[in-house]
>>> print(open('target37.cif').read())   # mmCIF, C-alpha atoms and all ligand atoms
data_start
loop_
_atom_site.group_PDB
_atom_site.id
_atom_site.type_symbol
_atom_site.label_atom_id
_atom_site.label_comp_id
_atom_site.auth_asym_id
_atom_site.auth_seq_id
_atom_site.Cartn_x
_atom_site.Cartn_y
_atom_site.Cartn_z
ATOM 1 C CA MET W 14 31.062 56.463 85.919
ATOM 2 C CA SER W 15 31.559 57.518 89.481
ATOM 3 C CA TYR W 16 34.450 59.825 90.240
ATOM 4 C CA ARG W 17 37.180 58.524 92.547
ATOM 5 C CA ILE W 18 38.623 60.707 95.292
ATOM 6 C CA LEU W 19 41.848 60.115 97.233
ATOM 7 C CA ILE W 20 42.013 61.589 100.736
ATOM 8 C CA THR W 21 45.606 60.932 101.703
ATOM 9 C CA GLU W 22 44.936 60.185 105.370
ATOM 10 C CA PRO W 23 42.056 60.112 107.843
ATOM 11 C CA ILE W 24 40.370 63.481 108.421
ATOM 12 C CA VAL W 25 37.164 64.472 110.244
ATOM 13 C CA ASP W 26 34.512 61.768 109.576
ATOM 14 C CA SER W 27 31.732 64.116 108.465
ATOM 15 C CA VAL W 28 33.926 65.423 105.626
ATOM 16 C CA ILE W 29 34.672 61.913 104.378
ATOM 17 C CA GLU W 30 30.956 61.065 104.627
ATOM 18 C CA LYS W 31 30.032 64.154 102.620
ATOM 19 C CA LEU W 32 32.319 63.122 99.764
ATOM 20 C CA GLU W 33 31.082 59.528 100.004
ATOM 21 C CA GLU W 34 27.543 60.770 99.317
ATOM 22 C CA HIS W 35 28.714 61.697 95.832
ATOM 23 C CA TYR W 36 31.782 59.640 94.970
ATOM 24 C CA GLU W 37 33.926 56.603 95.568
ATOM 25 C CA VAL W 38 36.373 57.682 98.264
ATOM 26 C CA VAL W 39 39.679 56.089 99.252
ATOM 27 C CA VAL W 40 41.225 57.226 102.522
ATOM 28 C CA GLY W 41 44.933 56.491 103.025
ATOM 29 C CA THR W 42 46.524 55.623 106.312
ATOM 30 C CA ARG W 43 48.412 58.181 108.367
ATOM 31 C CA GLY W 44 51.536 59.256 106.481
ATOM 32 C CA GLN W 45 50.945 56.786 103.629
ATOM 33 C CA TYR W 46 51.234 59.451 100.913
ATOM 34 C CA SER W 47 53.977 61.597 102.391
ATOM 35 C CA ASP W 48 56.415 60.670 99.647
ATOM 36 C CA GLU W 49 56.306 61.550 95.978
ATOM 37 C CA GLU W 50 56.746 58.032 94.621
ATOM 38 C CA THR W 51 53.726 56.590 96.465
ATOM 39 C CA LEU W 52 51.575 59.434 95.176
ATOM 40 C CA VAL W 53 52.873 59.017 91.614
ATOM 41 C CA GLN W 54 51.952 55.325 91.708
ATOM 42 C CA ALA W 55 48.465 55.914 93.128
ATOM 43 C CA ILE W 56 47.300 59.064 91.380
ATOM 44 C CA PRO W 57 46.388 57.702 87.905
ATOM 45 C CA GLU W 58 43.248 56.128 89.399
ATOM 46 C CA PHE W 59 41.819 59.317 90.877
ATOM 47 C CA ASP W 60 39.821 62.309 89.657
ATOM 48 C CA ALA W 61 40.425 64.421 92.747
ATOM 49 C CA LEU W 62 43.087 64.572 95.431
ATOM 50 C CA LEU W 63 42.618 65.903 98.955
ATOM 51 C CA PRO W 64 46.193 65.938 100.308
ATOM 52 C CA MET W 65 47.678 67.032 103.612
ATOM 53 C CA LEU W 66 50.226 69.877 103.649
ATOM 54 C CA SER W 67 52.923 67.219 104.113
ATOM 55 C CA CYS W 68 52.166 65.571 100.719
ATOM 56 C CA PRO W 69 54.493 66.640 97.915
ATOM 57 C CA VAL W 70 52.150 67.317 94.997
ATOM 58 C CA THR W 71 54.989 67.776 92.529
ATOM 59 C CA GLU W 72 55.141 68.116 88.769
ATOM 60 C CA ARG W 73 55.705 64.324 88.526
ATOM 61 C CA VAL W 74 52.575 63.624 90.569
ATOM 62 C CA LEU W 75 50.499 66.044 88.518
ATOM 63 C CA ARG W 76 51.790 64.592 85.219
ATOM 64 C CA ALA W 77 50.967 61.076 86.422
ATOM 65 C CA GLY W 78 47.423 62.149 87.311
ATOM 66 C CA SER W 79 45.914 61.534 83.900
ATOM 67 C CA ARG W 80 42.332 61.705 85.292
ATOM 68 C CA LEU W 81 43.088 64.327 87.901
ATOM 69 C CA LYS W 82 40.880 67.427 87.812
ATOM 70 C CA ILE W 83 41.438 69.041 91.193
ATOM 71 C CA VAL W 84 43.834 69.065 94.119
ATOM 72 C CA ALA W 85 42.104 70.529 97.190
ATOM 73 C CA ASN W 86 44.748 71.000 99.875
ATOM 74 C CA HIS W 87 43.735 70.352 103.479
ATOM 75 C CA ALA W 88 45.478 73.612 104.476
ATOM 76 C CA VAL W 89 45.615 77.295 103.691
ATOM 77 C CA GLY W 90 49.335 77.123 102.830
ATOM 78 C CA TYR W 91 49.926 75.367 99.520
ATOM 79 C CA ASN W 92 53.700 75.419 99.154
ATOM 80 C CA ASN W 93 53.531 71.590 98.899
ATOM 81 C CA ILE W 94 51.790 71.904 95.504
ATOM 82 C CA ASP W 95 53.487 72.857 92.246
ATOM 83 C CA VAL W 96 50.758 75.293 91.208
ATOM 84 C CA GLU W 97 52.430 76.149 87.903
ATOM 85 C CA ALA W 98 52.666 72.471 86.903
ATOM 86 C CA ALA W 99 48.999 72.044 87.896
ATOM 87 C CA ARG W 100 48.058 74.950 85.656
ATOM 88 C CA GLN W 101 49.962 73.400 82.772
ATOM 89 C CA GLU W 102 48.271 70.038 83.328
ATOM 90 C CA GLY W 103 44.835 71.677 83.566
ATOM 91 C CA VAL W 104 44.411 70.600 87.189
ATOM 92 C CA LYS W 105 42.667 73.083 89.478
ATOM 93 C CA VAL W 106 44.071 73.793 92.927
ATOM 94 C CA ALA W 107 42.152 74.851 96.034
ATOM 95 C CA ASN W 108 43.222 75.773 99.553
ATOM 96 C CA THR W 109 41.283 76.679 102.713
ATOM 97 C CA PRO W 110 41.527 80.413 103.414
ATOM 98 C CA GLY W 111 39.461 82.104 106.095
ATOM 99 C CA VAL W 112 38.398 79.137 108.192
ATOM 100 C CA LEU W 113 41.595 78.773 110.226
ATOM 101 C CA SER W 114 42.525 82.393 110.890
ATOM 102 C CA GLU W 115 41.045 82.481 114.397
ATOM 103 C CA SER W 116 42.462 79.154 115.576
ATOM 104 C CA SER W 117 45.898 79.962 114.136
ATOM 105 C CA ALA W 118 45.890 83.383 115.767
ATOM 106 C CA ASP W 119 44.906 81.778 119.087
ATOM 107 C CA CYS W 120 47.911 79.489 118.743
ATOM 108 C CA ALA W 121 50.270 82.404 117.980
ATOM 109 C CA MET W 122 49.007 84.163 121.131
ATOM 110 C CA ALA W 123 49.310 80.976 123.174
ATOM 111 C CA LEU W 124 52.946 80.598 122.109
ATOM 112 C CA MET W 125 53.618 84.304 122.698
ATOM 113 C CA LEU W 126 52.208 84.163 126.228
ATOM 114 C CA ALA W 127 53.825 80.820 126.998
ATOM 115 C CA VAL W 128 57.290 82.075 125.997
ATOM 116 C CA ALA W 129 56.925 85.568 127.469
ATOM 117 C CA ARG W 130 55.751 84.167 130.812
ATOM 118 C CA LYS W 131 57.913 81.001 130.840
ATOM 119 C CA ILE W 132 54.808 78.881 131.335
ATOM 120 C CA VAL W 133 56.303 75.576 130.176
ATOM 121 C CA ASP W 134 59.527 75.899 132.205
ATOM 122 C CA ALA W 135 57.503 76.914 135.249
ATOM 123 C CA GLN W 136 55.207 73.923 134.837
ATOM 124 C CA GLN W 137 58.199 71.595 134.570
ATOM 125 C CA PHE W 138 59.679 73.140 137.739
ATOM 126 C CA LEU W 139 56.449 72.354 139.581
ATOM 127 C CA TYR W 140 56.212 68.814 138.189
ATOM 128 C CA ASP W 141 59.832 68.267 139.220
ATOM 129 C CA GLY W 142 58.771 68.917 142.818
ATOM 130 C CA LYS W 143 60.845 72.119 143.080
ATOM 131 C CA PHE W 144 58.013 74.504 144.032
ATOM 132 C CA ASP W 145 58.939 75.496 147.580
ATOM 133 C CA GLY W 146 56.611 78.490 147.942
ATOM 134 C CA TRP W 147 56.011 81.871 146.301
ATOM 135 C CA ASP W 148 59.302 83.272 145.065
ATOM 136 C CA PRO W 149 59.704 86.998 144.333
ATOM 137 C CA LEU W 150 62.475 86.305 141.813
ATOM 138 C CA ALA W 151 61.358 83.125 140.092
ATOM 139 C CA PHE W 152 60.342 82.937 136.417
ATOM 140 C CA LEU W 153 60.364 86.667 135.736
ATOM 141 C CA GLY W 154 59.078 87.149 132.219
ATOM 142 C CA MET W 155 58.208 89.895 129.772
ATOM 143 C CA GLU W 156 54.905 91.743 129.972
ATOM 144 C CA LEU W 157 53.087 92.060 126.638
ATOM 145 C CA ASN W 158 51.354 95.303 127.610
ATOM 146 C CA ASP W 159 52.953 98.341 125.959
ATOM 147 C CA LYS W 160 55.314 96.190 123.857
ATOM 148 C CA THR W 161 55.626 96.374 120.102
ATOM 149 C CA LEU W 162 54.427 93.428 118.054
ATOM 150 C CA GLY W 163 55.909 93.139 114.563
ATOM 151 C CA ILE W 164 53.765 91.069 112.249
ATOM 152 C CA PHE W 165 55.390 89.768 109.077
ATOM 153 C CA GLY W 166 52.472 88.882 106.808
ATOM 154 C CA MET W 167 49.303 90.853 107.441
ATOM 155 C CA GLY W 168 46.771 88.609 105.734
ATOM 156 C CA ARG W 169 43.774 87.091 107.479
ATOM 157 C CA ILE W 170 45.852 85.305 110.121
ATOM 158 C CA GLY W 171 48.200 88.246 110.760
ATOM 159 C CA THR W 172 45.187 90.527 111.177
ATOM 160 C CA ALA W 173 43.570 88.084 113.617
ATOM 161 C CA VAL W 174 46.816 88.024 115.642
ATOM 162 C CA ALA W 175 46.845 91.846 115.652
ATOM 163 C CA ARG W 176 43.277 91.984 116.978
ATOM 164 C CA ARG W 177 44.173 89.726 119.888
ATOM 165 C CA ALA W 178 47.452 91.513 120.610
ATOM 166 C CA ARG W 179 45.624 94.873 120.776
ATOM 167 C CA ALA W 180 43.529 93.454 123.599
ATOM 168 C CA PHE W 181 46.792 92.674 125.426
ATOM 169 C CA GLY W 182 47.870 96.324 125.103
ATOM 170 C CA MET W 183 50.470 95.763 122.365
ATOM 171 C CA HIS W 184 51.382 98.276 119.670
ATOM 172 C CA ILE W 185 50.966 96.787 116.226
ATOM 173 C CA THR W 186 53.491 97.192 113.441
ATOM 174 C CA TYR W 187 53.483 95.121 110.283
ATOM 175 C CA HIS W 188 55.298 94.380 107.062
ATOM 176 C CA ASN W 189 53.433 92.981 104.094
ATOM 177 C CA ARG W 190 53.755 92.911 100.310
ATOM 178 C CA SER W 191 51.088 95.577 100.226
ATOM 179 C CA ARG W 192 49.536 97.866 102.790
ATOM 180 C CA VAL W 193 46.230 96.729 104.288
ATOM 181 C CA ASP W 194 43.205 98.982 103.855
ATOM 182 C CA GLU W 195 43.013 102.194 105.841
ATOM 183 C CA GLU W 196 40.021 101.101 107.902
ATOM 184 C CA THR W 197 41.838 97.960 109.131
ATOM 185 C CA GLU W 198 44.982 99.988 109.885
ATOM 186 C CA GLN W 199 42.969 102.492 111.876
ATOM 187 C CA LYS W 200 40.962 99.907 113.766
ATOM 188 C CA LEU W 201 44.128 98.067 114.803
ATOM 189 C CA GLU W 202 46.164 101.277 115.140
ATOM 190 C CA ALA W 203 48.632 99.343 113.022
ATOM 191 C CA GLU W 204 51.721 100.952 111.541
ATOM 192 C CA PHE W 205 52.934 99.750 108.133
ATOM 193 C CA ILE W 206 56.718 99.321 108.042
ATOM 194 C CA PRO W 207 57.948 99.267 104.429
ATOM 195 C CA GLU W 208 61.247 97.497 105.234
ATOM 196 C CA LEU W 209 61.383 94.078 106.911
ATOM 197 C CA ASP W 210 64.711 94.970 108.629
ATOM 198 C CA THR W 211 63.075 97.924 110.357
ATOM 199 C CA LEU W 212 60.131 95.817 111.526
ATOM 200 C CA VAL W 213 62.565 93.243 112.920
ATOM 201 C CA GLU W 214 64.724 95.868 114.670
ATOM 202 C CA GLN W 215 61.769 97.538 116.391
ATOM 203 C CA ALA W 216 59.706 94.557 117.520
ATOM 204 C CA ASP W 217 59.705 93.180 121.060
ATOM 205 C CA VAL W 218 57.789 90.232 119.635
ATOM 206 C CA LEU W 219 58.032 89.227 115.974
ATOM 207 C CA SER W 220 55.181 87.062 114.674
ATOM 208 C CA LEU W 221 55.565 85.304 111.315
ATOM 209 C CA ASN W 222 52.278 84.970 109.451
ATOM 210 C CA CYS W 223 53.380 85.036 105.820
ATOM 211 C CA PRO W 224 53.084 82.275 103.222
ATOM 212 C CA LEU W 225 56.226 80.340 102.254
ATOM 213 C CA THR W 226 57.398 81.562 98.845
ATOM 214 C CA ASP W 227 60.774 82.023 97.143
ATOM 215 C CA GLU W 228 60.821 85.546 98.613
ATOM 216 C CA THR W 229 60.048 84.519 102.194
ATOM 217 C CA HIS W 230 62.292 81.426 102.300
ATOM 218 C CA HIS W 231 64.882 82.130 105.066
ATOM 219 C CA ALA W 232 63.614 85.715 105.300
ATOM 220 C CA ILE W 233 64.595 85.416 108.959
ATOM 221 C CA ASP W 234 68.246 84.418 108.656
ATOM 222 C CA ALA W 235 71.287 84.974 110.888
ATOM 223 C CA GLY W 236 71.503 88.633 109.814
ATOM 224 C CA MET W 237 67.867 89.316 110.685
ATOM 225 C CA LEU W 238 68.165 87.500 114.010
ATOM 226 C CA GLU W 239 71.160 89.718 114.773
ATOM 227 C CA ARG W 240 68.964 92.771 114.160
ATOM 228 C CA MET W 241 66.357 91.659 116.704
ATOM 229 C CA PRO W 242 66.690 93.208 120.180
ATOM 230 C CA ASP W 243 68.270 90.700 122.570
ATOM 231 C CA HIS W 244 65.095 90.462 124.661
ATOM 232 C CA ALA W 245 62.848 89.963 121.598
ATOM 233 C CA LEU W 246 60.751 86.849 121.017
ATOM 234 C CA LEU W 247 60.159 85.121 117.676
ATOM 235 C CA ILE W 248 56.817 83.404 117.086
ATOM 236 C CA ASN W 249 56.429 81.222 113.999
ATOM 237 C CA THR W 250 53.054 79.714 113.122
ATOM 238 C CA ALA W 251 53.592 80.169 109.356
ATOM 239 C CA ARG W 252 56.034 77.733 107.740
ATOM 240 C CA GLY W 253 59.352 76.475 109.107
ATOM 241 C CA PRO W 254 61.554 77.416 106.134
ATOM 242 C CA VAL W 255 60.713 81.131 106.585
ATOM 243 C CA VAL W 256 63.359 80.905 109.332
ATOM 244 C CA ASP W 257 66.898 79.554 109.053
ATOM 245 C CA GLU W 258 66.428 77.039 111.856
ATOM 246 C CA ALA W 259 70.141 76.391 112.489
ATOM 247 C CA ALA W 260 70.757 80.149 112.767
ATOM 248 C CA LEU W 261 67.777 80.475 115.111
ATOM 249 C CA ALA W 262 69.054 77.687 117.370
ATOM 250 C CA GLU W 263 72.438 79.444 117.516
ATOM 251 C CA ALA W 264 70.813 82.812 118.280
ATOM 252 C CA LEU W 265 68.838 81.256 121.146
ATOM 253 C CA HIS W 266 71.884 79.511 122.605
ATOM 254 C CA ASN W 267 73.978 82.711 122.305
ATOM 255 C CA GLY W 268 71.276 84.969 123.760
ATOM 256 C CA THR W 269 71.109 87.010 120.534
ATOM 257 C CA ILE W 270 67.320 86.932 120.990
ATOM 258 C CA GLY W 271 65.208 86.340 124.074
ATOM 259 C CA GLY W 272 63.144 83.298 123.109
ATOM 260 C CA ALA W 273 61.005 81.581 120.510
ATOM 261 C CA GLY W 274 57.601 79.958 120.173
ATOM 262 C CA LEU W 275 57.517 77.667 117.164
ATOM 263 C CA ASP W 276 54.707 75.576 115.734
ATOM 264 C CA VAL W 277 56.438 74.855 112.421
ATOM 265 C CA PHE W 278 59.863 73.542 111.443
ATOM 266 C CA GLU W 279 62.120 73.485 108.416
ATOM 267 C CA GLU W 280 62.181 69.709 107.892
ATOM 268 C CA GLU W 281 58.993 68.480 109.540
ATOM 269 C CA PRO W 282 58.685 66.181 111.344
ATOM 270 C CA GLU W 283 62.400 66.646 112.170
ATOM 271 C CA VAL W 284 63.294 69.385 114.634
ATOM 272 C CA HIS W 285 66.852 70.731 114.683
ATOM 273 C CA PRO W 286 68.528 69.096 117.720
ATOM 274 C CA ASP W 287 69.984 72.436 118.824
ATOM 275 C CA LEU W 288 66.466 73.843 119.015
ATOM 276 C CA LEU W 289 65.400 71.033 121.316
ATOM 277 C CA SER W 290 68.138 72.061 123.743
ATOM 278 C CA ALA W 291 67.720 75.841 123.310
ATOM 279 C CA PRO W 292 66.625 78.006 126.250
ATOM 280 C CA ASN W 293 63.326 79.956 126.388
ATOM 281 C CA CYS W 294 61.614 77.954 123.687
ATOM 282 C CA VAL W 295 58.134 76.553 123.395
ATOM 283 C CA LEU W 296 57.805 74.081 120.541
ATOM 284 C CA THR W 297 54.544 72.524 119.335
ATOM 285 C CA PRO W 298 53.983 69.959 116.530
ATOM 286 C CA HIS W 299 52.246 72.081 113.833
ATOM 287 C CA ILE W 300 48.919 72.359 115.672
ATOM 288 C CA ALA W 301 47.896 75.963 114.952
ATOM 289 C CA SER W 302 44.667 74.977 113.163
ATOM 290 C CA ALA W 303 43.971 71.989 115.418
ATOM 291 C CA THR W 304 40.540 72.735 116.852
ATOM 292 C CA HIS W 305 37.438 70.613 116.262
ATOM 293 C CA GLU W 306 35.700 73.578 114.653
ATOM 294 C CA THR W 307 38.528 74.528 112.332
ATOM 295 C CA ARG W 308 39.537 71.056 111.187
ATOM 296 C CA LYS W 309 35.929 70.323 110.225
ATOM 297 C CA ALA W 310 35.685 73.630 108.373
ATOM 298 C CA ILE W 311 38.995 73.004 106.555
ATOM 299 C CA GLY W 312 37.801 69.594 105.400
ATOM 300 C CA MET W 313 34.407 70.892 104.294
ATOM 301 C CA LEU W 314 35.947 73.755 102.321
ATOM 302 C CA ALA W 315 38.298 71.367 100.527
ATOM 303 C CA ALA W 316 35.445 68.908 99.895
ATOM 304 C CA ASN W 317 33.203 71.646 98.527
ATOM 305 C CA ALA W 318 35.876 72.687 96.040
ATOM 306 C CA ILE W 319 36.138 69.077 94.851
ATOM 307 C CA ILE W 320 32.372 68.767 94.474
ATOM 308 C CA GLY W 321 32.237 72.148 92.724
ATOM 309 C CA VAL W 322 34.899 71.259 90.172
ATOM 310 C CA LEU W 323 33.645 67.715 89.496
ATOM 311 C CA GLU W 324 30.056 68.919 89.095
ATOM 312 C CA GLY W 325 31.070 71.676 86.673
ATOM 313 C CA THR W 326 30.476 74.742 88.859
ATOM 314 C CA PRO W 327 32.081 77.809 87.217
ATOM 315 C CA ASP W 328 35.483 78.656 88.765
ATOM 316 C CA GLU W 329 34.265 82.094 89.881
ATOM 317 C CA GLU W 330 31.666 80.408 92.077
ATOM 318 C CA ILE W 331 34.228 78.272 93.927
ATOM 319 C CA PRO W 332 35.681 80.799 96.367
ATOM 320 C CA ASN W 333 38.764 78.847 97.389
ATOM 321 C CA LEU W 334 40.221 77.998 93.978
ATOM 322 C CA ILE W 335 43.712 79.423 93.595
ATOM 323 C CA GLN W 336 43.627 81.658 90.587
ATOM 324 C CA ASP W 337 47.291 82.798 90.408
HETATM 325 C C1 LIG E 401 48.473 74.939 108.179
HETATM 326 O O1 LIG E 401 49.637 75.064 108.406
HETATM 327 C C2 LIG E 401 47.849 75.452 107.004
HETATM 328 O O2 LIG E 401 48.541 75.956 106.113
HETATM 329 O O3 LIG E 401 46.619 75.340 106.909
#
>>> encode(input="target37.cif", output="structure tokens")
Amino acid sequence: MSYRILITEPIVDSVIEKLEEHYEVVVGTRGQYSDEETLVQAIPEFDALLPMLSCPVTERVLRAGSRLKIVANHAVGYNNIDVEAARQEGVKVANTPGVLSESSADCAMALMLAVARKIVDAQQFLYDGKFDGWDPLAFLGMELNDKTLGIFGMGRIGTAVARRARAFGMHITYHNRSRVDEETEQKLEAEFIPELDTLVEQADVLSLNCPLTDETHHAIDAGMLERMPDHALLINTARGPVVDEAALAEALHNGTIGGAGLDVFEEEPEVHPDLLSAPNCVLTPHIASATHETRKAIGMLAANAIIGVLEGTPDEEIPNLIQD
């Protein structure tokens, strides 16, 4: 009997073709499996699921998956999967660490530069036909050189952001569950800040690079935003719910902070209306890992975990299985 794989929506062709070499593959249409009920109805017929980060792989879905052996998320973040329920149902879970660190860090830097230098507003000004010659006072922004970057979440992506920011002359501070190794700290001249409040108070730019967990949900709330210096910029390429979006919109409108670059939102695809009207914001539609290279690598890593599990490879030899 051939195994059946559900890929919830179209991904890079070569990844689909790779799975088709081994199995019967069904590819959903864009957004088809974004709700729990549709997944619950479909899942009994599949041995493996390759979902997007927008698919709620809940306890109900996992219970309904009587043949299901693995869920290989098309993302590094896996807050859309009930990992504990998967463990109880004997379903393995994989994510895609490592392959998107560079593209995500590029995106964090792009947002940082775009907000600090008012690139989007300046472009709009030009498109609006308002450019009337070089202006000594127009679009004055913040220089990154000699500023302090606070990184919340110093995993692979946070470290990749730090490497880039060093090249821009920034001082690196970070807060993480645990300190990174001494060699990395030294190389990045990175200072570990044991308290998140202190990191937030000292940073000219705060970059969020942590996973979404119960502990990090709304870690940046109204109180934390109040602690940020009023010129400081918030960059979020992690997960929307790490920030209280309504409080952030208010802080931007009130000038409590200087600006924000956001790639992720609390209720995607919705964006808080007060954010859309907030000053000094650059907002992008969750594209941090969106490069040809990375999206292919994400798909291949997820596909390899599926092949590994279905072909009986020992767990220890499948590097991206989540073991917690
Ligand atoms: C993207 O947000 C990811 O988690 O891979």
>>> residues_around(input="target37.cif", residues="range 222-230 of chain W", least_positions_apart="6", cutoff="7 Å", atoms="all atoms listed in the file", output="ChimeraX atom specification")
/W:90,92,164-167,170-171,250-252,254-255
>>> residues_near_point(input="target37.cif", point="(68.0, 80.8, 117.0)", cutoff="12 Å", atoms="only C-alpha atoms", output="VMD selection string")
chain W and resid 233 to 239 241 243 245 to 249 256 to 275 285 to 294
>>> resolve_selection(input="target37.cif", expression="the PyMOL selection byres (((chain W and resi 46) around 10) and not hetatm)", output="number ranges by chain")
W: 20-22, 41-45, 47-53, 55, 64-65, 67-70
>>> write_last_selection(input="target37.cif", atoms="C-alpha atoms", output="short mmCIF file (atom, residue, chain, number, x, y, z; two decimals), keeping the file's coordinate frame")
data_model
loop_
_atom_site.label_atom_id
_atom_site.label_comp_id
_atom_site.auth_asym_id
_atom_site.auth_seq_id
_atom_site.Cartn_x
_atom_site.Cartn_y
_atom_site.Cartn_z
CA ILE W 20 42.01 61.59 100.74
CA THR W 21 45.61 60.93 101.70
CA GLU W 22 44.94 60.18 105.37
CA GLY W 41 44.93 56.49 103.02
CA THR W 42 46.52 55.62 106.31
CA ARG W 43 48.41 58.18 108.37
CA GLY W 44 51.54 59.26 106.48
CA GLN W 45 50.94 56.79 103.63
CA SER W 47 53.98 61.60 102.39
CA ASP W 48 56.42 60.67 99.65
CA GLU W 49 56.31 61.55 95.98
CA GLU W 50 56.75 58.03 94.62
CA THR W 51 53.73 56.59 96.46
CA LEU W 52 51.58 59.43 95.18
CA VAL W 53 52.87 59.02 91.61
CA ALA W 55 48.46 55.91 93.13
CA PRO W 64 46.19 65.94 100.31
CA MET W 65 47.68 67.03 103.61
CA SER W 67 52.92 67.22 104.11
CA CYS W 68 52.17 65.57 100.72
CA PRO W 69 54.49 66.64 97.92
CA VAL W 70 52.15 67.32 95.00
#
>>> resolve_selection(input="target37.cif", expression="the PyMOL selection byres (((not hetatm)) within 10 of (chain E and resi 401))", output="ChimeraX atom specification")
/W:65-67,86-93,108-114,117,224-225,250-253,276-277,299-303,307-308,311
>>> resolve_selection(input="target37.cif", expression="the PyMOL selection byres (((chain W and resi 179-186) around 7) and not hetatm)", output="ChimeraX atom specification")
/W:157-164,175-178,187,201-206
>>> residues_around(input="target37.cif", residues="range 16-19 of chain W", least_positions_apart="2", cutoff="8 Å", atoms="only C-alpha atoms", output="PyMOL selection string")
chain W and resi 14+21+36-41+58-64+323
>>> write_last_selection(input="target37.cif", atoms="C-alpha atoms", output="PDB file, in the frame of the given file")
ATOM      1  CA  MET W  14      31.062  56.463  85.919  1.00  0.00           C
ATOM      2  CA  THR W  21      45.606  60.932 101.703  1.00  0.00           C
ATOM      3  CA  TYR W  36      31.782  59.640  94.970  1.00  0.00           C
ATOM      4  CA  GLU W  37      33.926  56.603  95.568  1.00  0.00           C
ATOM      5  CA  VAL W  38      36.373  57.682  98.264  1.00  0.00           C
ATOM      6  CA  VAL W  39      39.679  56.089  99.252  1.00  0.00           C
ATOM      7  CA  VAL W  40      41.225  57.226 102.522  1.00  0.00           C
ATOM      8  CA  GLY W  41      44.933  56.491 103.025  1.00  0.00           C
ATOM      9  CA  GLU W  58      43.248  56.128  89.399  1.00  0.00           C
ATOM     10  CA  PHE W  59      41.819  59.317  90.877  1.00  0.00           C
ATOM     11  CA  ASP W  60      39.821  62.309  89.657  1.00  0.00           C
ATOM     12  CA  ALA W  61      40.425  64.421  92.747  1.00  0.00           C
ATOM     13  CA  LEU W  62      43.087  64.572  95.431  1.00  0.00           C
ATOM     14  CA  LEU W  63      42.618  65.903  98.955  1.00  0.00           C
ATOM     15  CA  PRO W  64      46.193  65.938 100.308  1.00  0.00           C
ATOM     16  CA  LEU W 323      33.645  67.715  89.496  1.00  0.00           C
TER      17      LEU W 323
END
>>> closest_residue(input="target37.cif", among="W:Ala318, W:Leu81, W:Cys120, W:Phe144", to="Leu32 in chain W", atoms="only C-alpha atoms")
W:Ala318
>>> closest_residue(input="target37.cif", among="W:Val193, W:Ile56, W:Met155, W:Ala216", to="Ala77 in chain W", atoms="all atoms listed in the file")
W:Ile56
>>> residues_near_point(input="target37.cif", point="(53.4, 71.6, 86.7)", cutoff="9 Å", atoms="all atoms listed in the file", output="number ranges by chain")
W: 71-76, 94-102
>>> closest_residue(input="target37.cif", among="W:Glu156, W:Asp134, W:Asp217, W:Asp194", to="Gly168 in chain W", atoms="all atoms listed in the file")
W:Asp194
>>> atom_distance(input="target37.cif", atom1="CA of Val104 in chain W", atom2="CA of Glu34 in chain W")
23.0 Å
>>> closest_residue(input="target37.cif", among="W:Lys105, W:Leu219, W:Ala173, W:Gly154", to="Thr197 in chain W", atoms="all atoms listed in the file")
W:Ala173
>>> residues_around(input="target37.cif", residues="Val174 in chain W", least_positions_apart="5", cutoff="8 Å", atoms="only C-alpha atoms", output="PDB file with C-alpha atoms, in the frame of the given file")
ATOM      1  CA  ALA W 118      45.890  83.383 115.767  1.00  0.00           C
ATOM      2  CA  ASP W 119      44.906  81.778 119.087  1.00  0.00           C
ATOM      3  CA  ALA W 121      50.270  82.404 117.980  1.00  0.00           C
ATOM      4  CA  MET W 122      49.007  84.163 121.131  1.00  0.00           C
TER       5      MET W 122
END
>>> build_atoms(input="target37.cif", residues="range 137-142 of chain W", atoms="N, CA, C and O atoms", output="PDB file, in the coordinates of the input")
ATOM      1  N   GLN W 137      57.240  72.679 134.369  1.00  0.00           N
ATOM      2  CA  GLN W 137      58.199  71.595 134.570  1.00  0.00           C
ATOM      3  C   GLN W 137      58.811  71.663 135.975  1.00  0.00           C
ATOM      4  O   GLN W 137      58.981  70.644 136.656  1.00  0.00           O
ATOM      5  N   PHE W 138      59.115  72.890 136.405  1.00  0.00           N
ATOM      6  CA  PHE W 138      59.679  73.140 137.739  1.00  0.00           C
ATOM      7  C   PHE W 138      58.733  72.573 138.815  1.00  0.00           C
ATOM      8  O   PHE W 138      59.147  71.884 139.746  1.00  0.00           O
ATOM      9  N   LEU W 139      57.441  72.849 138.610  1.00  0.00           N
ATOM     10  CA  LEU W 139      56.449  72.354 139.581  1.00  0.00           C
ATOM     11  C   LEU W 139      56.364  70.825 139.537  1.00  0.00           C
ATOM     12  O   LEU W 139      56.402  70.156 140.565  1.00  0.00           O
ATOM     13  N   TYR W 140      56.293  70.273 138.312  1.00  0.00           N
ATOM     14  CA  TYR W 140      56.212  68.814 138.189  1.00  0.00           C
ATOM     15  C   TYR W 140      57.450  68.134 138.774  1.00  0.00           C
ATOM     16  O   TYR W 140      57.386  67.011 139.249  1.00  0.00           O
ATOM     17  N   ASP W 141      58.586  68.834 138.683  1.00  0.00           N
ATOM     18  CA  ASP W 141      59.832  68.267 139.220  1.00  0.00           C
ATOM     19  C   ASP W 141      59.881  68.337 140.749  1.00  0.00           C
ATOM     20  O   ASP W 141      60.900  67.982 141.355  1.00  0.00           O
ATOM     21  N   GLY W 142      58.828  68.862 141.357  1.00  0.00           N
ATOM     22  CA  GLY W 142      58.771  68.917 142.818  1.00  0.00           C
ATOM     23  C   GLY W 142      59.621  70.034 143.413  1.00  0.00           C
ATOM     24  O   GLY W 142      59.985  69.992 144.593  1.00  0.00           O
TER      25      GLY W 142
END
